[in-house]
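Note: the block below is model-v8.cif and it holds mmCIF, C-alpha atoms.
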```
data_coords
loop_
_atom_site.label_atom_id
_atom_site.label_comp_id
_atom_site.auth_asym_id
_atom_site.auth_seq_id
_atom_site.Cartn_x
_atom_site.Cartn_y
_atom_site.Cartn_z
CA MET F 643 0.00 0.00 0.00
CA ALA F 644 1.30 3.41 -0.93
CA HIS F 645 1.89 5.81 1.93
CA ALA F 646 0.36 9.26 2.23
CA PRO F 647 2.97 11.86 1.25
CA SER F 648 4.48 14.13 3.88
CA PRO F 649 3.91 17.87 3.40
CA VAL F 650 7.32 18.22 1.69
CA GLU F 651 6.62 15.21 -0.53
CA GLU F 652 3.24 16.74 -1.40
CA GLU F 653 5.01 19.95 -2.48
CA LEU F 654 7.36 17.87 -4.62
CA ILE F 655 4.40 16.09 -6.24
CA GLN F 656 2.74 19.43 -7.00
CA GLU F 657 5.99 20.78 -8.49
CA PHE F 658 6.19 17.80 -10.84
CA GLY F 659 2.63 18.58 -11.92
CA ASN F 660 3.65 22.21 -12.57
CA ILE F 661 6.74 21.16 -14.54
CA TYR F 662 4.84 18.74 -16.75
CA GLU F 663 2.10 21.30 -17.37
CA SER F 664 4.63 24.03 -18.25
CA HIS F 665 6.13 21.69 -20.87
CA GLY F 666 2.78 21.10 -22.55
CA LEU F 667 2.15 17.73 -20.96
CA LYS F 668 -0.72 16.72 -18.72
CA ARG F 669 -0.46 18.02 -15.16
CA LEU F 670 -1.85 14.70 -13.93
CA GLN F 671 1.09 12.89 -15.55
CA GLY F 672 3.48 15.04 -13.54
CA LEU F 673 1.53 14.42 -10.35
CA ILE F 674 1.76 10.66 -10.93
CA VAL F 675 5.51 10.85 -11.55
CA GLY F 676 6.00 12.94 -8.42
CA LEU F 677 3.87 10.54 -6.38
CA LEU F 678 5.75 7.47 -7.58
CA LEU F 679 9.08 9.13 -6.81
CA THR F 680 7.96 9.51 -3.19
CA GLN F 681 6.89 5.90 -2.75
CA SER F 682 9.08 3.09 -1.42
CA GLU F 683 6.49 0.48 -2.47
CA PRO F 684 4.59 0.07 -5.76
CA ALA F 685 1.34 2.03 -6.00
CA SER F 686 -1.88 0.69 -7.49
CA LEU F 687 -4.25 2.77 -9.58
CA ASP F 688 -6.58 2.81 -6.55
CA ASP F 689 -3.73 4.16 -4.40
CA MET F 690 -3.17 6.93 -6.93
CA VAL F 691 -6.89 7.76 -7.00
CA GLU F 692 -6.91 8.07 -3.22
CA LEU F 693 -3.64 9.98 -2.85
CA LEU F 694 -4.05 12.34 -5.81
CA GLY F 695 -7.80 12.87 -5.56
CA HIS F 696 -8.44 12.25 -9.27
CA SER F 697 -10.74 9.79 -11.03
CA LYS F 698 -9.49 6.36 -12.00
CA GLY F 699 -10.11 6.79 -15.75
CA PRO F 700 -7.78 9.79 -16.26
CA ILE F 701 -5.18 8.24 -13.96
CA SER F 702 -5.26 4.98 -15.92
CA ILE F 703 -4.86 6.84 -19.23
CA SER F 704 -2.01 8.95 -17.83
CA VAL F 705 -0.21 5.92 -16.39
CA ARG F 706 -0.42 4.11 -19.75
CA ARG F 707 1.05 7.16 -21.51
CA LEU F 708 3.84 7.43 -18.93
CA ALA F 709 4.59 3.72 -19.34
CA ASP F 710 4.80 4.21 -23.13
CA MET F 711 7.33 7.00 -22.50
CA GLY F 712 9.39 4.72 -20.23
CA VAL F 713 8.81 6.93 -17.21
CA VAL F 714 6.83 4.43 -15.11
CA ARG F 715 6.58 0.67 -15.28
CA LYS F 716 4.10 -1.97 -14.20
CA VAL F 717 5.28 -4.35 -11.48
CA ASP F 718 3.85 -7.15 -9.38
CA GLY F 719 2.13 -6.10 -6.19
CA PRO F 720 0.51 -7.67 -3.15
CA VAL F 721 -2.90 -8.16 -4.81
CA ASN F 722 -2.66 -10.18 -8.04
CA ARG F 723 -5.72 -8.68 -9.71
CA ARG F 724 -4.46 -5.09 -9.49
CA ASN F 725 -1.93 -3.21 -11.57
CA TYR F 726 0.93 -1.68 -9.60
CA TYR F 727 3.40 0.91 -10.79
CA VAL F 728 6.76 2.36 -9.83
CA ALA F 729 8.94 5.07 -11.30
CA HIS F 730 11.10 3.46 -13.98
CA PRO F 731 14.72 2.98 -12.78
CA ASP F 732 15.87 5.00 -15.81
CA ILE F 733 13.09 7.58 -15.52
CA PHE F 734 15.26 10.64 -16.04
CA TYR F 735 17.29 9.19 -18.89
CA ASN F 736 14.14 7.92 -20.63
CA ASN F 737 12.65 11.40 -20.33
CA PHE F 738 15.89 12.76 -21.78
CA LYS F 739 15.59 10.34 -24.72
CA PHE F 740 12.01 11.52 -25.28
CA ASN F 741 13.33 15.11 -25.49
CA MET F 742 16.18 13.98 -27.74
CA ALA F 743 13.64 12.51 -30.17
CA THR F 744 11.92 15.91 -30.32
CA VAL F 745 15.25 17.57 -31.15
CA ARG F 746 15.83 15.05 -33.95
CA ARG F 747 12.34 15.61 -35.35
CA ASN F 748 12.90 19.38 -35.36
CA ARG F 749 16.27 19.02 -37.13
CA SER F 750 14.71 16.66 -39.67
CA LEU F 751 11.80 19.05 -40.24
CA ALA F 752 14.18 21.90 -41.04
CA GLU F 753 16.19 19.67 -43.40
CA ARG F 754 13.09 18.40 -45.19
CA TYR F 755 11.64 21.85 -45.86
CA LEU F 756 14.97 23.38 -46.81
CA ARG F 757 15.46 20.59 -49.36
CA ARG F 758 11.94 21.04 -50.76
CA MET F 759 12.42 24.79 -51.08
CA GLU F 760 15.79 24.35 -52.79
CA GLN F 761 14.50 21.65 -55.19
CA ASN F 762 11.48 23.70 -56.22
CA ASN F 763 13.22 27.06 -56.05
CA LEU F 764 10.54 28.23 -53.64
CA GLY F 765 10.53 29.98 -50.32
CA ASP F 766 11.02 33.48 -49.12
CA ALA F 767 14.62 34.40 -48.22
CA GLU F 768 13.57 35.02 -44.61
CA THR F 769 11.89 31.61 -44.40
CA ILE F 770 15.03 29.92 -45.73
CA LYS F 771 17.21 31.89 -43.32
CA ASN F 772 14.99 30.88 -40.40
CA LEU F 773 15.02 27.22 -41.44
CA GLU F 774 18.82 27.30 -41.80
CA HIS F 775 19.03 28.79 -38.31
CA MET F 776 16.64 26.12 -37.01
CA HIS F 777 18.66 23.37 -38.67
CA ALA F 778 21.98 24.62 -37.27
CA PHE F 779 20.51 25.00 -33.78
CA TYR F 780 18.97 21.52 -33.63
CA GLN F 781 21.98 19.90 -35.27
CA LEU F 782 24.20 21.33 -32.52
CA MET F 783 21.65 20.40 -29.86
CA GLU F 784 21.56 16.85 -31.20
CA SER F 785 25.35 16.58 -30.90
CA PHE F 786 25.13 17.81 -27.28
CA TYR F 787 22.45 15.21 -26.57
CA GLN F 788 24.61 12.48 -28.11
CA ASP F 789 27.66 13.57 -26.10
CA PHE F 790 25.59 13.71 -22.92
CA SER F 791 24.10 10.29 -23.62
CA GLU F 792 27.56 8.75 -23.98
CA ARG F 793 28.81 10.52 -20.84
CA TRP F 794 25.76 9.41 -18.85
CA ALA F 795 26.42 5.78 -19.82
CA GLU F 796 29.95 6.16 -18.40
CA VAL F 797 28.75 7.85 -15.20
CA LYS F 798 25.98 5.30 -14.68
CA GLN F 799 28.40 2.40 -15.16
CA SER F 800 30.89 4.02 -12.78
CA ARG F 801 28.19 4.40 -10.14
CA LEU F 802 27.14 0.77 -10.57
CA ASP F 803 30.78 -0.32 -10.27
CA ASP F 804 31.14 1.81 -7.11
CA GLN F 805 27.95 0.31 -5.63
CA ASP F 806 29.13 -3.22 -6.47
CA ALA F 807 32.49 -2.52 -4.84
CA ALA F 808 30.81 -1.08 -1.74
CA THR F 809 28.50 -4.09 -1.50
CA ALA F 810 31.41 -6.51 -1.91
CA SER F 811 33.41 -4.60 0.72
CA HIS F 812 30.46 -4.64 3.10
CA LYS F 813 30.00 -8.38 2.61
CA SER F 814 33.67 -9.13 3.16
CA THR F 815 33.77 -6.88 6.24
CA GLY F 816 30.65 -8.58 7.54
CA ASP F 817 32.18 -12.01 6.96
CA ALA F 818 35.35 -10.99 8.79
CA ASN F 819 33.30 -10.09 11.85
CA LEU F 820 31.90 -13.63 12.12
#
```
As C-alpha cells, what does this structure read like?
Amino acid sequence: MAHAPSPVEEELIQEFGNIYESHGLKRLQGLIVGLLLTQSEPASLDDMVELLGHSKGPISISVRRLADMGVVRKVDGPVNRRNYYVAHPDIFYNNFKFNMATVRRNRSLAERYLRRMEQNNLGDAETIKNLEHMHAFYQLMESFYQDFSERWAEVKQSRLDDQDAATASHKSTGDANL
C-alpha cells in the first residue's frame, strides 16, 4: 500500500505537476511521476486515486502514456488482480531520450523543408534563413544530446561499479566479523 505523502513530498508532487504542465504535458502525468518518486512500495491505480484525488479513468490513461514513454513501469504487487506501478529505474534518462527525439524531429523538419524549397526554387529568403538557423541549432543540440548520452552511460556504469564494490566490501567486512 502506498503511503500518504508528507507535506514536503506533497510539495514535490505538485511541483512535478507544474513542470509537466509548463512543458505542454498533462499536469496529472506530472503528479503521478511525483507521487511514484515519493513511494518506497509500488502504487496501485486505486492508491493513486486516493492519494491524488483524481478519477481512476484519467489516472489509468495517464499511467499508460507514462509507461509508453518509459517513465513508469508496471510491477507485481501484493494483490494479483491489481496493476501496480513504480517510477522506472531510468526515468530521467528515458525522459531525456524523449526530449532527444523531439530535437531530432525538429532538425529533420528543417532539413526536409529546406530541401523542398531548394528543389522547387521556392521559399522566401527570410523563411530559408529561419530554417537554416533552425537546422543549425537543432543539429548542434543533437550533438550535445549524443555527447551527454555517452557521458551518462559512463557515469551510470561508474556508479554501478562503485555500488558493487561497496556491496562486496560490506560483505567481506561482515564475513570478517563472524
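When CA of Arg746 in chain F is paired with CA of Glu663 in chain F, their separation reads 22.4 Å.
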Hits from the PyMOL selection byres ((chain F and resi 752-757) around 12), listed as JSON, numbers by chain: {"F": [745, 746, 747, 748, 749, 750, 751, 758, 759, 760, 761, 762, 763, 764, 765, 766, 767, 768, 769, 770, 771, 772, 773, 774, 775, 776, 777, 778, 779, 780, 781]}
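Among the candidates F:Ile661, F:Met742, F:Tyr735, F:Ser811, the one nearest to Trp794 in chain F when counting only C-alpha atoms is F:Tyr735.
Closest approach to Val714 in chain F from the set F:Gln671, F:Asp688, F:Glu653, F:Glu683 is made by F:Gln671, with distances taken over only C-alpha atoms.
For the atom pair formed by CA of His665 in chain F and CA of Phe738 in chain F, the distance is 13.3 Å, given to one decimal.
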To one decimal place in Å, what is the distance between CA of Ala729 in chain F and CA of Ser704 in chain F? 13.3 Å
Which centre and which edge lengths, in Å to one decimal, describe the axis-aligned box that holds all listed atoms of range 794-800 of chain F after 6 Å is added on each side, as AutoDock Vina command-line options?
```
--center_x 28.3 --center_y 5.9 --center_z -16.3 --size_x 17.1 --size_y 19.0 --size_z 19.0
```
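Run against this file, the PyMOL selection byres ((chain F and resi 694) around 9) gives back Leu670, Leu673, Ile674, Leu677, Asp689, Met690, Val691, Glu692, Leu693, Gly695, His696 and Ser697 of chain F.
Proximity ranking of F:Leu667, F:Val728, F:Ile655, F:Ala807 relative to Ser686 in chain F places F:Val728 first, based on only C-alpha atoms.
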Option closest in space to Phe790 in chain F, from F:Pro700, F:Arg724, F:Gln805, F:Lys739 [counting only C-alpha atoms]: F:Lys739
